[in-house]
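Q: One file is attached below, start.cif, containing mmCIF, C-alpha atoms and all ligand atoms.
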```cif
data_start
#
loop_
_atom_site.group_PDB
_atom_site.id
_atom_site.type_symbol
_atom_site.label_atom_id
_atom_site.label_comp_id
_atom_site.auth_asym_id
_atom_site.auth_seq_id
_atom_site.Cartn_x
_atom_site.Cartn_y
_atom_site.Cartn_z
ATOM 1 C CA MET A 1 9.643 -21.051 -16.991
ATOM 2 C CA ASP A 2 9.644 -17.352 -16.167
ATOM 3 C CA ALA A 3 6.482 -16.874 -14.142
ATOM 4 C CA ILE A 4 7.193 -13.153 -13.647
ATOM 5 C CA ARG A 5 7.887 -10.620 -16.381
ATOM 6 C CA ILE A 6 10.340 -7.925 -15.310
ATOM 7 C CA SER A 7 10.687 -4.908 -17.593
ATOM 8 C CA ASP A 8 14.156 -4.323 -19.058
ATOM 9 C CA GLU A 9 14.362 -0.975 -17.282
ATOM 10 C CA VAL A 10 13.688 -2.502 -13.849
ATOM 11 C CA ARG A 11 15.863 -5.552 -14.473
ATOM 12 C CA ASP A 12 18.814 -3.388 -15.523
ATOM 13 C CA ALA A 13 18.410 -0.998 -12.587
ATOM 14 C CA VAL A 14 18.316 -3.863 -10.058
ATOM 15 C CA ALA A 15 21.312 -5.541 -11.699
ATOM 16 C CA ASP A 16 23.281 -2.269 -11.723
ATOM 17 C CA GLY A 17 22.441 -1.496 -8.095
ATOM 18 C CA ARG A 18 20.461 1.633 -8.980
ATOM 19 C CA PRO A 19 17.471 2.622 -6.778
ATOM 20 C CA VAL A 20 14.055 1.157 -7.629
ATOM 21 C CA LEU A 21 10.691 1.779 -5.941
ATOM 22 C CA ALA A 22 7.811 -0.702 -6.261
ATOM 23 C CA LEU A 23 4.245 0.641 -6.580
ATOM 24 C CA GLU A 24 0.995 -1.328 -6.351
ATOM 25 C CA SER A 25 -1.892 -1.411 -8.814
ATOM 26 C CA THR A 26 -4.987 -2.144 -6.704
ATOM 27 C CA ILE A 27 -4.982 1.555 -5.901
ATOM 28 C CA PHE A 28 -5.787 2.341 -9.547
ATOM 29 C CA THR A 29 -7.791 -0.780 -10.503
ATOM 30 C CA HIS A 30 -10.045 -0.773 -7.420
ATOM 31 C CA GLY A 31 -9.125 2.021 -5.001
ATOM 32 C CA LEU A 32 -9.679 5.275 -6.890
ATOM 33 C CA PRO A 33 -12.500 6.326 -9.233
ATOM 34 C CA ARG A 34 -11.901 6.945 -12.947
ATOM 35 C CA PRO A 35 -10.440 8.981 -14.513
ATOM 36 C CA ARG A 36 -8.532 10.214 -11.464
ATOM 37 C CA ASN A 37 -7.052 6.738 -10.931
ATOM 38 C CA LEU A 38 -5.005 6.968 -14.125
ATOM 39 C CA ASP A 39 -3.774 10.508 -13.355
ATOM 40 C CA VAL A 40 -2.623 9.398 -9.922
ATOM 41 C CA ALA A 41 -0.835 6.293 -11.259
ATOM 42 C CA LEU A 42 0.997 8.232 -13.975
ATOM 43 C CA ASP A 43 1.826 11.054 -11.571
ATOM 44 C CA ALA A 44 3.396 8.501 -9.187
ATOM 45 C CA ASP A 45 5.541 7.156 -12.026
ATOM 46 C CA ARG A 46 6.735 10.695 -12.832
ATOM 47 C CA ARG A 47 7.406 11.629 -9.198
ATOM 48 C CA VAL A 48 9.649 8.599 -8.724
ATOM 49 C CA ARG A 49 11.590 9.362 -11.910
ATOM 50 C CA ALA A 50 11.990 13.014 -10.884
ATOM 51 C CA ALA A 51 13.708 11.752 -7.710
ATOM 52 C CA GLY A 52 16.208 9.811 -9.806
ATOM 53 C CA VAL A 53 14.627 6.450 -8.913
ATOM 54 C CA VAL A 54 13.236 3.820 -11.293
ATOM 55 C CA PRO A 55 9.505 3.155 -10.728
ATOM 56 C CA ALA A 56 8.320 -0.465 -10.822
ATOM 57 C CA THR A 57 4.535 -0.475 -10.958
ATOM 58 C CA ILE A 58 3.358 -4.040 -10.427
ATOM 59 C CA GLY A 59 0.222 -5.795 -11.688
ATOM 60 C CA VAL A 60 -1.034 -8.701 -13.772
ATOM 61 C CA VAL A 61 -1.516 -8.083 -17.517
ATOM 62 C CA GLU A 62 -3.606 -10.737 -19.252
ATOM 63 C CA GLY A 63 -2.266 -13.462 -17.010
ATOM 64 C CA VAL A 64 1.308 -12.186 -16.823
ATOM 65 C CA PRO A 65 2.488 -10.987 -13.385
ATOM 66 C CA THR A 66 4.545 -7.949 -14.381
ATOM 67 C CA VAL A 67 7.107 -5.888 -12.483
ATOM 68 C CA GLY A 68 7.525 -2.555 -14.272
ATOM 69 C CA LEU A 69 4.247 -1.876 -16.071
ATOM 70 C CA SER A 70 4.571 0.420 -19.092
ATOM 71 C CA VAL A 71 2.473 3.587 -19.330
ATOM 72 C CA ASP A 72 0.323 1.776 -21.886
ATOM 73 C CA GLU A 73 -0.205 -1.166 -19.503
ATOM 74 C CA ILE A 74 -1.072 1.153 -16.611
ATOM 75 C CA GLU A 75 -3.619 2.812 -18.902
ATOM 76 C CA ARG A 76 -5.141 -0.510 -19.905
ATOM 77 C CA LEU A 77 -5.440 -1.782 -16.327
ATOM 78 C CA SER A 78 -6.870 1.475 -15.019
ATOM 79 C CA THR A 79 -9.654 1.471 -17.619
ATOM 80 C CA SER A 80 -10.414 -2.265 -17.590
ATOM 81 C CA ASP A 81 -13.776 -3.411 -16.258
ATOM 82 C CA ALA A 82 -12.471 -6.970 -16.218
ATOM 83 C CA ALA A 83 -9.471 -6.451 -13.949
ATOM 84 C CA VAL A 84 -9.812 -8.403 -10.710
ATOM 85 C CA LYS A 85 -8.063 -7.798 -7.374
ATOM 86 C CA ALA A 86 -5.289 -10.299 -6.764
ATOM 87 C CA SER A 87 -3.639 -11.074 -3.472
ATOM 88 C CA ILE A 88 -0.857 -13.683 -3.250
ATOM 89 C CA ARG A 89 -3.175 -16.676 -3.298
ATOM 90 C CA ASP A 90 -4.803 -15.449 -6.513
ATOM 91 C CA LEU A 91 -1.627 -14.928 -8.553
ATOM 92 C CA ALA A 92 -1.262 -18.450 -9.955
ATOM 93 C CA VAL A 93 -4.991 -18.748 -10.599
ATOM 94 C CA VAL A 94 -5.316 -15.467 -12.525
ATOM 95 C CA ALA A 95 -2.127 -16.319 -14.449
ATOM 96 C CA VAL A 96 -3.552 -19.625 -15.674
ATOM 97 C CA LYS A 97 -6.912 -18.020 -16.425
ATOM 98 C CA CYS A 98 -5.196 -15.184 -18.353
ATOM 99 C CA LEU A 99 -6.949 -12.502 -16.307
ATOM 100 C CA SER A 100 -5.737 -8.966 -15.698
ATOM 101 C CA ALA A 101 -5.486 -7.876 -12.084
ATOM 102 C CA GLY A 102 -4.518 -5.129 -9.708
ATOM 103 C CA THR A 103 -2.192 -6.540 -7.068
ATOM 104 C CA THR A 104 -2.760 -5.964 -3.348
ATOM 105 C CA VAL A 105 0.011 -4.890 -1.010
ATOM 106 C CA ALA A 106 0.743 -8.565 -0.250
ATOM 107 C CA ALA A 107 0.922 -9.624 -3.904
ATOM 108 C CA THR A 108 2.872 -6.519 -4.934
ATOM 109 C CA ALA A 109 5.412 -7.046 -2.150
ATOM 110 C CA HIS A 110 5.786 -10.703 -3.131
ATOM 111 C CA LEU A 111 6.490 -9.836 -6.779
ATOM 112 C CA ALA A 112 8.749 -6.902 -5.863
ATOM 113 C CA HIS A 113 10.855 -9.088 -3.574
ATOM 114 C CA ALA A 114 11.106 -11.786 -6.234
ATOM 115 C CA ALA A 115 12.456 -9.121 -8.617
ATOM 116 C CA GLY A 116 15.088 -7.945 -6.118
ATOM 117 C CA ILE A 117 13.355 -4.671 -5.175
ATOM 118 C CA ARG A 118 13.758 -3.548 -1.567
ATOM 119 C CA VAL A 119 11.307 -0.656 -1.112
ATOM 120 C CA PHE A 120 7.593 -0.363 -1.862
ATOM 121 C CA SER A 121 5.169 2.567 -1.419
ATOM 122 C CA THR A 122 1.419 2.226 -1.097
ATOM 123 C CA GLY A 123 -1.472 4.272 0.316
ATOM 124 C CA GLY A 124 -2.905 2.210 3.158
ATOM 125 C CA LEU A 125 -2.222 -1.337 4.316
ATOM 126 C CA GLY A 126 -4.879 -3.969 4.735
ATOM 127 C CA GLY A 127 -5.396 -4.909 8.372
ATOM 128 C CA VAL A 128 -7.737 -6.373 10.941
ATOM 129 C CA HIS A 129 -11.400 -5.530 10.393
ATOM 130 C CA ARG A 130 -13.577 -4.226 13.197
ATOM 131 C CA ASP A 131 -15.711 -7.349 13.332
ATOM 132 C CA ALA A 132 -12.726 -9.708 13.008
ATOM 133 C CA PRO A 133 -13.391 -11.501 16.305
ATOM 134 C CA HIS A 134 -16.569 -12.858 14.617
ATOM 135 C CA THR A 135 -15.672 -12.885 10.927
ATOM 136 C CA PHE A 136 -11.914 -13.662 11.068
ATOM 137 C CA ASP A 137 -11.542 -10.934 8.413
ATOM 138 C CA GLU A 138 -7.902 -9.963 8.509
ATOM 139 C CA SER A 139 -6.049 -8.939 5.376
ATOM 140 C CA ALA A 140 -3.492 -11.341 3.932
ATOM 141 C CA ASP A 141 -1.249 -8.245 3.812
ATOM 142 C CA LEU A 142 -0.265 -8.814 7.438
ATOM 143 C CA PRO A 143 0.939 -12.452 7.473
ATOM 144 C CA SER A 144 2.377 -12.054 3.968
ATOM 145 C CA LEU A 145 4.540 -9.057 4.891
ATOM 146 C CA ALA A 146 5.828 -11.022 7.892
ATOM 147 C CA ALA A 147 7.722 -13.231 5.422
ATOM 148 C CA LEU A 148 8.980 -10.549 2.998
ATOM 149 C CA PRO A 149 12.161 -8.635 3.946
ATOM 150 C CA ILE A 150 11.372 -5.324 2.265
ATOM 151 C CA VAL A 151 10.500 -1.794 3.382
ATOM 152 C CA VAL A 152 6.837 -0.778 2.968
ATOM 153 C CA VAL A 153 5.809 2.878 3.214
ATOM 154 C CA SER A 154 2.138 3.506 4.026
ATOM 155 C CA ALA A 155 -0.011 5.991 5.943
ATOM 156 C CA GLY A 156 -1.093 3.251 8.326
ATOM 157 C CA VAL A 157 -4.486 1.627 7.913
ATOM 158 C CA LYS A 158 -7.815 3.324 7.292
ATOM 159 C CA SER A 159 -9.877 3.948 10.378
ATOM 160 C CA ILE A 160 -12.658 1.772 8.952
ATOM 161 C CA LEU A 161 -10.434 -1.078 10.227
ATOM 162 C CA ASP A 162 -9.722 -1.915 13.859
ATOM 163 C CA ILE A 163 -6.452 -0.062 14.440
ATOM 164 C CA PRO A 164 -5.570 -1.382 17.933
ATOM 165 C CA LEU A 165 -6.184 -4.978 16.815
ATOM 166 C CA THR A 166 -4.086 -4.346 13.703
ATOM 167 C CA LEU A 167 -1.213 -3.032 15.827
ATOM 168 C CA GLU A 168 -1.464 -6.130 18.057
ATOM 169 C CA ARG A 169 -1.236 -8.383 15.002
ATOM 170 C CA LEU A 170 1.815 -6.486 13.710
ATOM 171 C CA GLU A 171 3.518 -7.266 16.993
ATOM 172 C CA THR A 172 2.517 -10.945 16.929
ATOM 173 C CA LEU A 173 3.819 -11.250 13.378
ATOM 174 C CA SER A 174 7.185 -9.621 14.220
ATOM 175 C CA LEU A 175 6.460 -6.762 11.845
ATOM 176 C CA ALA A 176 8.429 -3.681 12.904
ATOM 177 C CA VAL A 177 6.575 -0.400 12.523
ATOM 178 C CA VAL A 178 8.317 2.959 12.761
ATOM 179 C CA GLY A 179 6.643 6.324 12.374
ATOM 180 C CA TYR A 180 8.248 8.821 10.056
ATOM 181 C CA ARG A 181 9.243 11.629 12.420
ATOM 182 C CA THR A 182 6.396 10.731 14.809
ATOM 183 C CA THR A 183 5.257 8.102 17.304
ATOM 184 C CA ASP A 184 1.584 8.878 16.585
ATOM 185 C CA TYR A 185 0.308 6.040 14.403
ATOM 186 C CA PRO A 186 -1.433 7.692 11.441
ATOM 187 C CA GLY A 187 -5.016 6.869 10.497
ATOM 188 C CA PHE A 188 -4.627 7.306 6.739
ATOM 189 C CA TYR A 189 -7.084 10.218 6.328
ATOM 190 C CA ILE A 190 -5.902 11.751 9.588
ATOM 191 C CA ALA A 191 -2.362 12.373 10.765
ATOM 192 C CA ASP A 192 -2.939 10.810 14.203
ATOM 193 C CA SER A 193 -5.197 7.794 14.739
ATOM 194 C CA GLY A 194 -4.981 8.277 18.501
ATOM 195 C CA HIS A 195 -2.831 5.150 18.899
ATOM 196 C CA ASP A 196 0.869 5.349 19.630
ATOM 197 C CA ILE A 197 3.770 3.306 18.344
ATOM 198 C CA GLU A 198 7.125 2.937 20.058
ATOM 199 C CA TYR A 199 9.626 4.299 17.597
ATOM 200 C CA ALA A 200 10.063 7.130 15.137
ATOM 201 C CA ALA A 201 12.620 7.292 12.323
ATOM 202 C CA ASP A 202 14.137 10.696 11.633
ATOM 203 C CA SER A 203 15.358 10.366 8.054
ATOM 204 C CA PRO A 204 15.360 8.138 4.959
ATOM 205 C CA ASP A 205 18.952 7.302 5.857
ATOM 206 C CA GLU A 206 17.965 6.032 9.298
ATOM 207 C CA ILE A 207 15.260 3.832 7.736
ATOM 208 C CA ALA A 208 17.815 2.485 5.252
ATOM 209 C CA ARG A 209 20.154 1.633 8.129
ATOM 210 C CA MET A 210 17.327 -0.174 9.958
ATOM 211 C CA ALA A 211 16.607 -2.235 6.821
ATOM 212 C CA ARG A 212 20.276 -3.138 6.343
ATOM 213 C CA THR A 213 20.640 -4.067 10.011
ATOM 214 C CA ARG A 214 17.497 -6.215 9.832
ATOM 215 C CA ASP A 215 19.030 -8.065 6.868
ATOM 216 C CA ALA A 216 22.335 -8.492 8.697
ATOM 217 C CA LEU A 217 20.450 -9.950 11.666
ATOM 218 C CA GLY A 218 18.790 -12.524 9.424
ATOM 219 C CA ILE A 219 15.288 -11.185 10.157
ATOM 220 C CA ALA A 220 12.998 -11.821 7.196
ATOM 221 C CA SER A 221 9.963 -9.630 7.942
ATOM 222 C CA ALA A 222 9.016 -6.314 6.361
ATOM 223 C CA LEU A 223 9.918 -3.011 7.977
ATOM 224 C CA LEU A 224 6.765 -0.903 7.956
ATOM 225 C CA VAL A 225 7.172 2.869 7.739
ATOM 226 C CA ALA A 226 4.084 4.785 8.852
ATOM 227 C CA ASN A 227 4.107 8.166 7.110
ATOM 228 C CA PRO A 228 1.344 10.547 8.212
ATOM 229 C CA VAL A 229 -0.366 12.997 5.896
ATOM 230 C CA SER A 230 0.491 16.555 6.900
ATOM 231 C CA ALA A 231 -1.876 18.204 9.371
ATOM 232 C CA ASP A 232 -2.954 20.838 6.835
ATOM 233 C CA GLU A 233 -3.810 18.209 4.212
ATOM 234 C CA GLN A 234 -5.628 15.739 6.469
ATOM 235 C CA LEU A 235 -9.391 15.309 6.624
ATOM 236 C CA PRO A 236 -10.548 17.526 9.509
ATOM 237 C CA PRO A 237 -10.617 15.028 12.420
ATOM 238 C CA ASP A 238 -14.111 16.084 13.579
ATOM 239 C CA LEU A 239 -15.532 15.565 10.105
ATOM 240 C CA HIS A 240 -13.673 12.261 9.837
ATOM 241 C CA ASP A 241 -15.055 10.891 13.125
ATOM 242 C CA GLU A 242 -18.581 12.045 12.433
ATOM 243 C CA VAL A 243 -18.762 10.618 8.902
ATOM 244 C CA LEU A 244 -17.084 7.355 9.921
ATOM 245 C CA ALA A 245 -19.622 6.810 12.711
ATOM 246 C CA ARG A 246 -22.486 7.297 10.257
ATOM 247 C CA ALA A 247 -20.807 5.031 7.675
ATOM 248 C CA LEU A 248 -20.427 2.205 10.201
ATOM 249 C CA ALA A 249 -24.042 2.589 11.343
ATOM 250 C CA GLU A 250 -25.289 2.607 7.756
ATOM 251 C CA ALA A 251 -23.284 -0.517 6.875
ATOM 252 C CA GLU A 252 -24.817 -2.314 9.837
ATOM 253 C CA ARG A 253 -28.326 -1.131 8.989
ATOM 254 C CA ALA A 254 -27.929 -2.197 5.336
ATOM 255 C CA GLY A 255 -26.523 -5.587 6.339
ATOM 256 C CA VAL A 256 -23.317 -5.092 4.389
ATOM 257 C CA SER A 257 -20.712 -7.712 5.237
ATOM 258 C CA GLY A 258 -17.550 -9.487 4.094
ATOM 259 C CA HIS A 259 -15.580 -8.086 1.202
ATOM 260 C CA ASP A 260 -18.319 -5.584 0.363
ATOM 261 C CA THR A 261 -17.687 -3.744 3.615
ATOM 262 C CA THR A 262 -14.548 -1.808 2.676
ATOM 263 C CA PRO A 263 -15.827 -0.461 -0.674
ATOM 264 C CA PHE A 264 -19.162 0.424 0.955
ATOM 265 C CA LEU A 265 -17.548 2.387 3.790
ATOM 266 C CA LEU A 266 -15.021 4.149 1.541
ATOM 267 C CA ASP A 267 -17.720 5.115 -0.925
ATOM 268 C CA PHE A 268 -19.926 6.440 1.883
ATOM 269 C CA VAL A 269 -17.068 8.527 3.309
ATOM 270 C CA GLN A 270 -16.255 9.885 -0.140
ATOM 271 C CA ARG A 271 -19.838 10.919 -0.879
ATOM 272 C CA GLU A 272 -20.462 12.390 2.557
ATOM 273 C CA THR A 273 -17.279 14.465 2.482
ATOM 274 C CA ALA A 274 -18.075 15.767 -1.013
ATOM 275 C CA GLY A 275 -14.915 14.202 -2.387
ATOM 276 C CA ARG A 276 -12.593 15.705 0.201
ATOM 277 C CA SER A 277 -11.557 12.245 1.367
ATOM 278 C CA LEU A 278 -10.508 11.490 -2.199
ATOM 279 C CA ASP A 279 -8.196 14.518 -2.284
ATOM 280 C CA VAL A 280 -6.709 13.381 1.019
ATOM 281 C CA ASN A 281 -6.279 9.856 -0.353
ATOM 282 C CA VAL A 282 -4.267 11.242 -3.269
ATOM 283 C CA ALA A 283 -2.146 13.501 -1.024
ATOM 284 C CA VAL A 284 -1.412 10.557 1.277
ATOM 285 C CA TYR A 285 -0.284 8.424 -1.630
ATOM 286 C CA GLN A 286 1.924 11.130 -3.127
ATOM 287 C CA GLY A 287 3.642 11.641 0.224
ATOM 288 C CA ASN A 288 4.338 7.918 0.497
ATOM 289 C CA VAL A 289 5.671 7.734 -3.043
ATOM 290 C CA ASP A 290 8.049 10.643 -2.396
ATOM 291 C CA LEU A 291 9.316 9.164 0.888
ATOM 292 C CA GLY A 292 9.683 5.696 -0.664
ATOM 293 C CA ALA A 293 11.845 7.142 -3.440
ATOM 294 C CA GLN A 294 14.091 8.821 -0.859
ATOM 295 C CA ILE A 295 14.435 5.554 1.091
ATOM 296 C CA ALA A 296 15.245 3.603 -2.092
ATOM 297 C CA ALA A 297 17.981 6.139 -2.880
ATOM 298 C CA ALA A 298 19.320 6.024 0.695
ATOM 299 C CA LEU A 299 19.505 2.215 0.601
ATOM 300 C CA ILE A 300 21.730 2.416 -2.463
ATOM 301 C CA ALA A 301 23.809 5.397 -1.323
ATOM 302 C CA ARG A 302 25.536 3.675 1.568
ATOM 303 C CA ALA A 303 25.000 0.017 0.705
HETATM 304 N N1 LIG B 401 -6.540 -0.116 1.977
HETATM 305 C C1 LIG B 401 -7.303 0.852 1.466
HETATM 306 N N2 LIG B 401 -7.729 0.769 0.169
HETATM 307 C C2 LIG B 401 -7.379 -0.280 -0.621
HETATM 308 C C3 LIG B 401 -6.549 -1.280 -0.071
HETATM 309 C C4 LIG B 401 -6.157 -1.163 1.233
HETATM 310 O O1 LIG B 401 -7.608 1.798 2.164
HETATM 311 O O2 LIG B 401 -7.793 -0.348 -1.784
HETATM 312 C C5 LIG B 401 -6.153 -2.429 -0.927
HETATM 313 C C6 LIG B 401 -4.635 -2.678 -0.887
HETATM 314 O O3 LIG B 401 -4.228 -3.136 -2.153
HETATM 315 C C7 LIG B 401 -4.533 -3.784 0.140
HETATM 316 C C8 LIG B 401 -5.807 -4.557 -0.094
HETATM 317 O O4 LIG B 401 -3.399 -4.586 -0.034
HETATM 318 O O5 LIG B 401 -6.784 -3.580 -0.383
HETATM 319 C C9 LIG B 401 -6.192 -5.402 1.077
HETATM 320 O O6 LIG B 401 -7.333 -6.118 0.746
HETATM 321 P P1 LIG B 401 -7.862 -7.296 1.701
HETATM 322 O O7 LIG B 401 -8.329 -6.652 2.959
HETATM 323 O O8 LIG B 401 -8.948 -7.936 0.910
HETATM 324 O O9 LIG B 401 -6.673 -8.195 1.911
HETATM 325 MN MN MN B 402 -10.396 -9.236 3.456
#
```
Output the file's structure as structure tokens, nothing else.
Ligand code: PSU
Ligand code: MN

A:
Amino acid sequence: MDAIRISDEVRDAVADGRPVLALESTIFTHGLPRPRNLDVALDADRRVRAAGVVPATIGVVEGVPTVGLSVDEIERLSTSDAAVKASIRDLAVVAVKCLSAGTTVAATAHLAHAAGIRVFSTGGLGGVHRDAPHTFDESADLPSLAALPIVVVSAGVKSILDIPLTLERLETLSLAVVGYRTTDYPGFYIADSGHDIEYAADSPDEIARMARTRDALGIASALLVANPVSADEQLPPDLHDEVLARALAEAERAGVSGHDTTPFLLDFVQRETAGRSLDVNVAVYQGNVDLGAQIAAALIARA
């Protein structure tokens, strides 16, 4: 039985050795407000094509895990009130229950790898939550990516998470992280989270060579590329720190916990920055999509 549907366009491109870039769907089912979510998803599809790369947006359509969503399917998912958020553990369950779902970074990477795709762009990774020592709340993105030999481009993790603990877990899980032209680990909304990483990569070609060398070494974990938003597009760091502190205090006061925490904090930041954080979120994602397309092309060019 074919558990995964791969569009003809993506299947042919992979078979022909042409560049393909995977894109996730949680960003438009759960991450961004309507109607901007649909604009951003369709814009990503166009940006990848303009770079000469085949986009493979990944999600679950009425129970069918799909690699290479059509424009019509992206539209349906981005306007569906019924779409759930599926990480790897949910995929078989939502398939049997015929649900539609946005796929997390973990689930998207799993499906992309199964389809033979080697590069994936997203906005921010899941990570270790600030209260993880008490709640054990750590995204399945981290252990899942440790077992998937692909390249994932993100702008780091949002500062609502615990960034130092997340970086420790990346090390424990043998997940390599290289900054794109920087050793400052980005904080999603801000170009520099204040935490450093060891290595920078200078070009898409160098990242492609790292991925090929990883494969040749028989190492099966993802290569994480941390791509900061440009300094002139970031949320002003003072505003960021001030609003984040109030968001965390308000979450504590309101007794918000568990899986409600992230949406609560992101919504607070968005309201209190009068939507500026949303513009930054979109700019971050576009930058990651553009870099991912260049890496996908570089991986093919000298394969
Ligand atoms: N980070 C964000 N916004 C998001 C996500 C991550 O800033 O919407 C999504 C991604 O799809 C990521 C998922 O894979 O949330 C992680 O969710 P969890 O922490 O429940 O594993
Ligand atoms: Mn979680």

Q: Applied to this file, what does the PyMOL selection byres (((chain A and resi 148) around 8) and not hetatm) return in terms of residues, put as a list in words?

A: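 Taken over the shown coordinates, the PyMOL selection byres (((chain A and resi 148) around 8) and not hetatm) returns Ala109, His110, His113, Ser144, Leu145, Ala146, Ala147, Pro149, Ile150, Ala220, Ser221 and Ala222 of chain A.
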
Q: Counting all atoms listed in the file, which residues of stretch 199-285 of chain A fall within 12 Å of stretch 171-193 of chain A, and what is the closest atom pair for each with its distance in Å at one decimal, ordered by chain and rising number, as a Markdown table?

A:
```
| residue | atom | partner | partner_atom | distance |
| --- | --- | --- | --- | --- |
| A:Tyr199 | CA | A:Val178 | CA | 5.2 |
| A:Ala200 | CA | A:Gly179 | CA | 4.5 |
| A:Ala201 | CA | A:Tyr180 | CA | 5.2 |
| A:Asp202 | CA | A:Arg181 | CA | 5.0 |
| A:Ser203 | CA | A:Tyr180 | CA | 7.5 |
| A:Pro204 | CA | A:Tyr180 | CA | 8.8 |
| A:Asp205 | CA | A:Tyr180 | CA | 11.6 |
| A:Glu206 | CA | A:Tyr180 | CA | 10.1 |
| A:Ile207 | CA | A:Val178 | CA | 8.6 |
| A:Met210 | CA | A:Val178 | CA | 9.9 |
| A:Ala211 | CA | A:Ala176 | CA | 10.3 |
| A:Arg214 | CA | A:Ala176 | CA | 9.9 |
| A:Ile219 | CA | A:Ser174 | CA | 9.2 |
| A:Ala220 | CA | A:Ser174 | CA | 9.4 |
| A:Ser221 | CA | A:Leu175 | CA | 6.0 |
| A:Ala222 | CA | A:Leu175 | CA | 6.1 |
| A:Leu223 | CA | A:Ala176 | CA | 5.2 |
| A:Leu224 | CA | A:Val177 | CA | 4.6 |
| A:Val225 | CA | A:Val178 | CA | 5.2 |
| A:Ala226 | CA | A:Gly179 | CA | 4.6 |
| A:Asn227 | CA | A:Tyr180 | CA | 5.1 |
| A:Pro228 | CA | A:Ala191 | CA | 4.9 |
| A:Val229 | CA | A:Ala191 | CA | 5.3 |
| A:Ser230 | CA | A:Ala191 | CA | 6.4 |
| A:Ala231 | CA | A:Ala191 | CA | 6.0 |
| A:Asp232 | CA | A:Ala191 | CA | 9.4 |
| A:Glu233 | CA | A:Ile190 | CA | 8.7 |
| A:Gln234 | CA | A:Ile190 | CA | 5.1 |
| A:Leu235 | CA | A:Tyr189 | CA | 5.6 |
| A:Pro236 | CA | A:Ile190 | CA | 7.4 |
| A:Pro237 | CA | A:Ile190 | CA | 6.4 |
| A:Asp238 | CA | A:Ile190 | CA | 10.1 |
| A:Leu239 | CA | A:Ile190 | CA | 10.4 |
| A:His240 | CA | A:Tyr189 | CA | 7.7 |
| A:Asp241 | CA | A:Ile190 | CA | 9.9 |
| A:Val243 | CA | A:Tyr189 | CA | 12.0 |
| A:Leu244 | CA | A:Tyr189 | CA | 11.0 |
| A:Leu266 | CA | A:Tyr189 | CA | 11.1 |
| A:Val269 | CA | A:Tyr189 | CA | 10.6 |
| A:Gln270 | CA | A:Tyr189 | CA | 11.2 |
| A:Thr273 | CA | A:Tyr189 | CA | 11.7 |
| A:Arg276 | CA | A:Tyr189 | CA | 9.9 |
| A:Ser277 | CA | A:Tyr189 | CA | 7.0 |
| A:Leu278 | CA | A:Tyr189 | CA | 9.3 |
| A:Asp279 | CA | A:Tyr189 | CA | 9.7 |
| A:Val280 | CA | A:Tyr189 | CA | 6.2 |
| A:Asn281 | CA | A:Tyr189 | CA | 6.7 |
| A:Val282 | CA | A:Tyr189 | CA | 10.1 |
| A:Ala283 | CA | A:Tyr189 | CA | 9.4 |
| A:Val284 | CA | A:Phe188 | CA | 7.1 |
| A:Tyr285 | CA | A:Phe188 | CA | 9.5 |
```

Q: Taking all atoms listed in the file into account, name the residue in A:Ala132, A:Ala83, A:Ala298, A:Leu69 that is nearest to A:Gly258.

A: A:Ala132

Q: Exactly which residues make up the result of the PyMOL selection byres (((chain A and resi 119-121) around 7) and not hetatm) on this file, given as a ChimeraX atom specification?

A: /A:21-23,117-118,122,150-154,288-289,292,296

Q: For the file shown, report as an NGL selection string the outcome of the PyMOL selection byres (((not hetatm)) within 7 of (chain B and resi 401)) at residue level.

A: :A and (24 or 26-27 or 30-31 or 87 or 103-106 or 123-127 or 138-141 or 157-158 or 259)

Q: Let's have the selection written as a short mmCIF file (atom, residue, chain, number, x, y, z; two decimals), keeping the file's coordinate frame, with C-alpha atoms.

A:
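And here is the file that came out, part_32.cif:
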```
data_model
loop_
_atom_site.label_atom_id
_atom_site.label_comp_id
_atom_site.auth_asym_id
_atom_site.auth_seq_id
_atom_site.Cartn_x
_atom_site.Cartn_y
_atom_site.Cartn_z
CA GLU A 24 1.00 -1.33 -6.35
CA THR A 26 -4.99 -2.14 -6.70
CA ILE A 27 -4.98 1.56 -5.90
CA HIS A 30 -10.04 -0.77 -7.42
CA GLY A 31 -9.12 2.02 -5.00
CA SER A 87 -3.64 -11.07 -3.47
CA THR A 103 -2.19 -6.54 -7.07
CA THR A 104 -2.76 -5.96 -3.35
CA VAL A 105 0.01 -4.89 -1.01
CA ALA A 106 0.74 -8.56 -0.25
CA GLY A 123 -1.47 4.27 0.32
CA GLY A 124 -2.90 2.21 3.16
CA LEU A 125 -2.22 -1.34 4.32
CA GLY A 126 -4.88 -3.97 4.74
CA GLY A 127 -5.40 -4.91 8.37
CA GLU A 138 -7.90 -9.96 8.51
CA SER A 139 -6.05 -8.94 5.38
CA ALA A 140 -3.49 -11.34 3.93
CA ASP A 141 -1.25 -8.24 3.81
CA VAL A 157 -4.49 1.63 7.91
CA LYS A 158 -7.82 3.32 7.29
CA HIS A 259 -15.58 -8.09 1.20
#
```

Q: In the coordinate frame of the file, compute which residues have an atom within 12 Å of (-5.6, 9.9, -17.4) when using all atoms listed in the file, and state them as a compact mmCIF listing (two decimals) with C-alpha atoms, in the coordinates of the input.

A:
```
# COMPACT_ATOMS: atom_id res chain seq x y z
CA PHE A 28 -5.79 2.34 -9.55
CA PRO A 33 -12.50 6.33 -9.23
CA ARG A 34 -11.90 6.94 -12.95
CA PRO A 35 -10.44 8.98 -14.51
CA ARG A 36 -8.53 10.21 -11.46
CA ASN A 37 -7.05 6.74 -10.93
CA LEU A 38 -5.00 6.97 -14.12
CA ASP A 39 -3.77 10.51 -13.36
CA VAL A 40 -2.62 9.40 -9.92
CA ALA A 41 -0.84 6.29 -11.26
CA LEU A 42 1.00 8.23 -13.98
CA ASP A 43 1.83 11.05 -11.57
CA VAL A 71 2.47 3.59 -19.33
CA ASP A 72 0.32 1.78 -21.89
CA ILE A 74 -1.07 1.15 -16.61
CA GLU A 75 -3.62 2.81 -18.90
CA ARG A 76 -5.14 -0.51 -19.90
CA LEU A 77 -5.44 -1.78 -16.33
CA SER A 78 -6.87 1.48 -15.02
CA THR A 79 -9.65 1.47 -17.62
```
